[in-house]
Amino acid sequence: MAKTTLAPKKGFLSENPSVLRFLGLLTVFTLIVTALAEGFGAGVISTSFLKVLGMTLCLCLIAVAMDVVWGYCGILSLGHFAFFGLGGYGIGMWLMYARTEGIVRTSLANAPIPATEGEVRDAIASQIFSVVGSTELPFIWGFAHSLTLQLLLIVLVPGLLALVFGWLAFRSRVTGVYLSILTQAMTLALSLYLFQNDTGLRGNNGLSGLQNIPGLLHLPQSTIALWFFWASALALGLGYLLFAWLVSGKFGSVVRAIRDNENRVRFLGYHVESYKLVVFTATAIVSGIAGALYYPQAGIINPAEIAPITSIYLAVWVAIGGRGRLYGAVIGAATVSLLSSWFTGGGAPNIDLGFYRIVWTDWWLVLLGLGFVAVTLFFPKGIGGLFDYLVRKP
Amino acid sequence: MSALLEVSGVSVTFDGFRAINNLSISIGEPELRAVIGPNGAGKTTFMDIVTGKTKPDEGRVLWGEASQNLLGMSESAIARAGIGRKFQKPTVFEDQTVRENLAMALRNKRGPFDVLLYKTNRHARARIAELAEEIGLSDHLPRRAGDLSHGQKQWLEIGMLLAQDPRLLLVDEPAAGMTPAEREHTTELLTRAAQTRAVVVIEHDMEFIRRLNCKVTVLHEGSVLAEGSLDHVTQNQQVIDVYLGR
């Protein structure tokens, strides 16, 4: 025993073999998908399915963030999709603006009198906002012309929202189910606000055509999809690494202690609220980045994407996959979201019982609900918990 | 011996019930002090007030040479100022190992970013080994704290308290659920700790208090009934009436 006390320092990865294993699997998965993709060669995986896979990786990333905030820190946030959506809107604004600018400039190029910058801006505004009966460019689009600034906003907007919201909530010691309700209220309020036509983000029309990347319009979607798939895999790998590092070591120890008994942690001299705020904000930022990678693959974002129910699904994924282990979140998000698109996308054959026909698009939610209840009752540790049976420690 | 903690004229009311009534206690450094009294006398509430868990309606709680006012401070700031507390029920982090529990308590910077960039060093490992030795858990460092026996959890919590290296230890019923041999060890540990710092012990067990051999404060209905050596207070007629006689 005394030897372990003075064990030599080891690297982070060698101390956490599961992280290395996960990164290895992710790399292998990425390589296999790439080899089979339409844009690369084999063409076994269609571009639309490649996009589904890329989006799934983004969902895995937000699930990992959710696991850190809920499974490790004990904050059952039911609002993390608000941050995901804000990231999506952030990139969507640049995509729409830059693409519309391209179109406008091309059409004005042949005009006898060269158009002024103001006229170009007006034309862009009326192109984008005619759908909500406006021709003015709202002030929040002030940075939309610049990719750099807009990328900055993808980090800053979710980060600041989480910081302010978290500061107010944690400082008042709102915990447990009350905090969950507050986070639901936050995402509901944001969603309802964005549904209005005059909020500058095109109301329920949302932002569309996001799959067309300005400057790369000459490239086929199969290539673009592959790039986004790689970017999503990279983001998931880096995010996983970041959070695995965050929850390992002493910081992780304190965070798990906060989950189990935050009052006791206070009497040890740790300022619990600061820790919660760091975790909440960091996970919100990563969620925003996940959203910014997701929506160019989805092609469209609208306020329904951040309806309260989406954030509840996120919690369900993490619960099914297994809380408190990062790979559990990945398993849960990947399994449930892929199954969901299989069932609701008409992939699953409907079952004719003679007296009744089970149509999966209607019954998928029931199945998900039953699955959730079954996991809660019989596998409280989720799918990830099954690994404990495989790898029994002596 | 100068006063380290000065509680004066403190009162607190819960739903009309006066839990603490014009309480004044002064603790020196170093000092070992036992606090006794019947149930509901306000012993635990006294600790709640000092550690910032409960805010009193009136009174003052002053700390250290600079007479810092503890009442405006958060629980964590009070803990960082040098006040450690052990609860009645052992509260260790059951899901984590004994080593992790001790490492968390070790006196180090407590800010989130300091902790994030913290690296275990030789000194910290040696200190953990030393503490584990002291609390008899050397062979249990890699074990989950939840798997320890009740007595061992009490030990671990005392170890965590010592790891914090506080100037004042508030210990609520340390001997509860311990075997006689363990009690003896606890007595020894507390008296040793009290040589360099202030230690306040709440206890019901008179035999345990006798072995601590220290000044005793008797609380009754939220205020001090008697104070002095154990023999002195046990001969006090009021103390016999409200506490010992029953």
# chains A, B, ... in the order shown; residues from 1 in each chain; ligands from 1
$ residues_around --residues "region 80-86 of chain A" --least-positions-apart "3" --cutoff "7 Å" --atoms "only C-alpha atoms" --output "list of chain:residue names"
A:Ser77, A:Tyr89, A:Gly90, A:Pro158, A:Thr187, A:Ala284, A:Ser287, A:Gly288, A:Ala290, A:Gly291, A:Glu305, A:Ile306, A:Thr310, A:Ser311
$ interface_residues --of "chain A" --to "chain B" --cutoff "12 Å" --atoms "only C-alpha atoms" --output "PyMOL selection string"
chain A and resi 1-12+72+171+242-243+245-279+324
$ write_last_selection --atoms "C-alpha atoms" --output "CSV table (one decimal), in the first residue's frame"
chain,number,residue,atom,x,y,z
A,1,MET,CA,0.0,0.0,0.0
A,2,ALA,CA,2.8,2.3,0.9
A,3,LYS,CA,4.1,1.9,-2.6
A,4,THR,CA,1.0,3.3,-4.3
A,5,THR,CA,1.4,6.4,-2.1
A,6,LEU,CA,4.7,7.2,-3.7
A,7,ALA,CA,3.8,6.0,-7.2
A,8,PRO,CA,5.6,7.8,-10.0
A,9,LYS,CA,3.7,10.5,-11.8
A,10,LYS,CA,1.8,9.2,-14.8
A,11,GLY,CA,0.4,11.0,-17.8
A,12,PHE,CA,-3.2,11.8,-18.0
A,72,TYR,CA,-20.8,14.5,-12.5
A,171,ARG,CA,-26.1,32.3,-5.9
A,242,LEU,CA,-11.3,18.3,-22.4
A,243,PHE,CA,-14.1,17.0,-20.2
A,245,TRP,CA,-9.4,15.9,-18.1
A,246,LEU,CA,-11.8,18.2,-16.3
A,247,VAL,CA,-13.5,15.4,-14.3
A,248,SER,CA,-10.4,13.6,-13.5
A,249,GLY,CA,-8.1,14.7,-10.7
A,250,LYS,CA,-8.9,17.0,-7.9
A,251,PHE,CA,-11.4,19.2,-9.8
A,252,GLY,CA,-13.4,16.2,-10.7
A,253,SER,CA,-13.2,15.0,-7.1
A,254,VAL,CA,-14.7,18.3,-5.8
A,255,VAL,CA,-17.3,18.3,-8.5
A,256,ARG,CA,-18.5,14.8,-7.7
A,257,ALA,CA,-18.4,15.8,-4.0
A,258,ILE,CA,-20.7,18.7,-4.8
A,259,ARG,CA,-23.1,16.3,-6.5
A,260,ASP,CA,-23.2,14.0,-3.5
A,261,ASN,CA,-23.3,16.6,-0.7
A,262,GLU,CA,-22.7,20.2,-1.5
A,263,ASN,CA,-23.1,21.5,2.0
A,264,ARG,CA,-20.2,19.3,3.2
A,265,VAL,CA,-18.1,20.7,0.4
A,266,ARG,CA,-18.8,24.2,1.6
A,267,PHE,CA,-17.5,23.3,5.1
A,268,LEU,CA,-14.3,22.1,3.5
A,269,GLY,CA,-13.8,25.7,2.3
A,270,TYR,CA,-14.8,25.3,-1.4
A,271,HIS,CA,-17.0,27.9,-2.9
A,272,VAL,CA,-19.6,25.6,-4.4
A,273,GLU,CA,-21.3,28.2,-6.5
A,274,SER,CA,-18.1,29.1,-8.4
A,275,TYR,CA,-17.5,25.4,-9.3
A,276,LYS,CA,-21.1,25.0,-10.5
A,277,LEU,CA,-20.7,28.1,-12.6
A,278,VAL,CA,-17.5,27.0,-14.2
A,279,VAL,CA,-19.0,23.6,-15.0
A,324,GLY,CA,-21.3,9.7,-14.6
$ select_by_dssp --residues "region 33-194 of chain A" --states "helix (DSSP H, G or I)" --output "VMD selection string"
chain A and resid 33 to 36 47 to 72 80 to 108 117 to 132 139 to 141 147 to 171 176 to 194
$ residues_around --residues "Ile135 (chain B)" --least-positions-apart "2" --cutoff "7 Å" --atoms "only C-alpha atoms" --output "list in words"
Leu131, Ala132, Glu133, Leu137, Trp155, Leu156 and Gly159 of chain B
$ residues_around --residues "Leu236 (chain A)" --least-positions-apart "3" --cutoff "7 Å" --atoms "only C-alpha atoms" --output "VMD selection string"
chain A and resid 57 to 58 61 232 to 233 239 to 240
$ residues_around --residues "Leu216 (chain A)" --least-positions-apart "6" --cutoff "12 Å" --atoms "only C-alpha atoms" --output "PyMOL selection string"
chain A and resi 95+98-99+102+223-225+227
$ residues_around --residues "region 14-22 of chain B" --least-positions-apart "5" --cutoff "8 Å" --atoms "only C-alpha atoms" --output "PDB file with N, CA and C atoms, in the first residue's frame"
ATOM      1  N   SER B   8     -20.645  36.692  21.255  1.00  0.00           N
ATOM      2  CA  SER B   8     -21.249  37.489  22.327  1.00  0.00           C
ATOM      3  C   SER B   8     -22.672  37.924  21.996  1.00  0.00           C
ATOM      4  N   GLY B   9     -23.544  37.689  22.949  1.00  0.00           N
ATOM      5  CA  GLY B   9     -24.939  38.138  22.869  1.00  0.00           C
ATOM      6  C   GLY B   9     -25.709  37.606  21.686  1.00  0.00           C
ATOM      7  N   GLY B  40     -31.587  19.828  22.643  1.00  0.00           N
ATOM      8  CA  GLY B  40     -32.277  21.085  22.388  1.00  0.00           C
ATOM      9  C   GLY B  40     -31.677  22.254  23.139  1.00  0.00           C
ATOM     10  N   ALA B  41     -30.506  22.048  23.740  1.00  0.00           N
ATOM     11  CA  ALA B  41     -29.877  23.143  24.480  1.00  0.00           C
ATOM     12  C   ALA B  41     -29.221  24.144  23.533  1.00  0.00           C
ATOM     13  N   GLY B  42     -29.070  23.767  22.267  1.00  0.00           N
ATOM     14  CA  GLY B  42     -28.495  24.680  21.289  1.00  0.00           C
ATOM     15  C   GLY B  42     -27.040  24.406  20.982  1.00  0.00           C
ATOM     16  N   THR B  45     -26.686  24.089  17.166  1.00  0.00           N
ATOM     17  CA  THR B  45     -27.000  25.401  16.584  1.00  0.00           C
ATOM     18  C   THR B  45     -25.839  26.378  16.789  1.00  0.00           C
ATOM     19  N   PHE B  46     -25.189  26.251  17.942  1.00  0.00           N
ATOM     20  CA  PHE B  46     -24.014  27.092  18.208  1.00  0.00           C
ATOM     21  C   PHE B  46     -22.956  26.874  17.118  1.00  0.00           C
ATOM     22  N   GLY B  59     -26.421  39.682  17.821  1.00  0.00           N
ATOM     23  CA  GLY B  59     -25.181  39.241  18.445  1.00  0.00           C
ATOM     24  C   GLY B  59     -23.993  39.363  17.508  1.00  0.00           C
ATOM     25  N   GLU B 221     -31.157  25.674  27.256  1.00  0.00           N
ATOM     26  CA  GLU B 221     -32.101  26.578  26.594  1.00  0.00           C
ATOM     27  C   GLU B 221     -31.384  27.713  25.885  1.00  0.00           C
ATOM     28  N   GLY B 222     -30.315  27.391  25.214  1.00  0.00           N
ATOM     29  CA  GLY B 222     -29.666  28.359  24.352  1.00  0.00           C
ATOM     30  C   GLY B 222     -28.730  29.336  25.027  1.00  0.00           C
ATOM     31  N   SER B 223     -28.440  29.133  26.324  1.00  0.00           N
ATOM     32  CA  SER B 223     -27.428  30.005  26.915  1.00  0.00           C
ATOM     33  C   SER B 223     -26.568  29.217  27.895  1.00  0.00           C
TER      34      SER B 223
END
$ select_by_dssp --residues "region 187-314 of chain A" --states "strand (DSSP E or B)" --output "ChimeraX atom specification"
/A:207-208,300-301
$ write_last_selection --atoms "C-alpha atoms" --output "PDB file, in the first residue's frame"
ATOM      1  CA  LEU A 207     -32.538  30.169 -40.886  1.00  0.00           C
ATOM      2  CA  SER A 208     -32.354  27.888 -43.891  1.00  0.00           C
ATOM      3  CA  ILE A 300     -32.099  24.477 -41.273  1.00  0.00           C
ATOM      4  CA  ILE A 301     -32.621  25.801 -37.782  1.00  0.00           C
TER       5      ILE A 301
END
$ residues_around --residues "His204 (chain B)" --least-positions-apart "5" --cutoff "12 Å" --atoms "only C-alpha atoms" --output "ChimeraX atom specification"
/B:34-39,41,43,88,172-176,209-210,216,218-219,243-244
$ atom_distance --atom1 "CA of Leu219 (chain A)" --atom2 "CA of Leu153 (chain A)"
27.0 Å
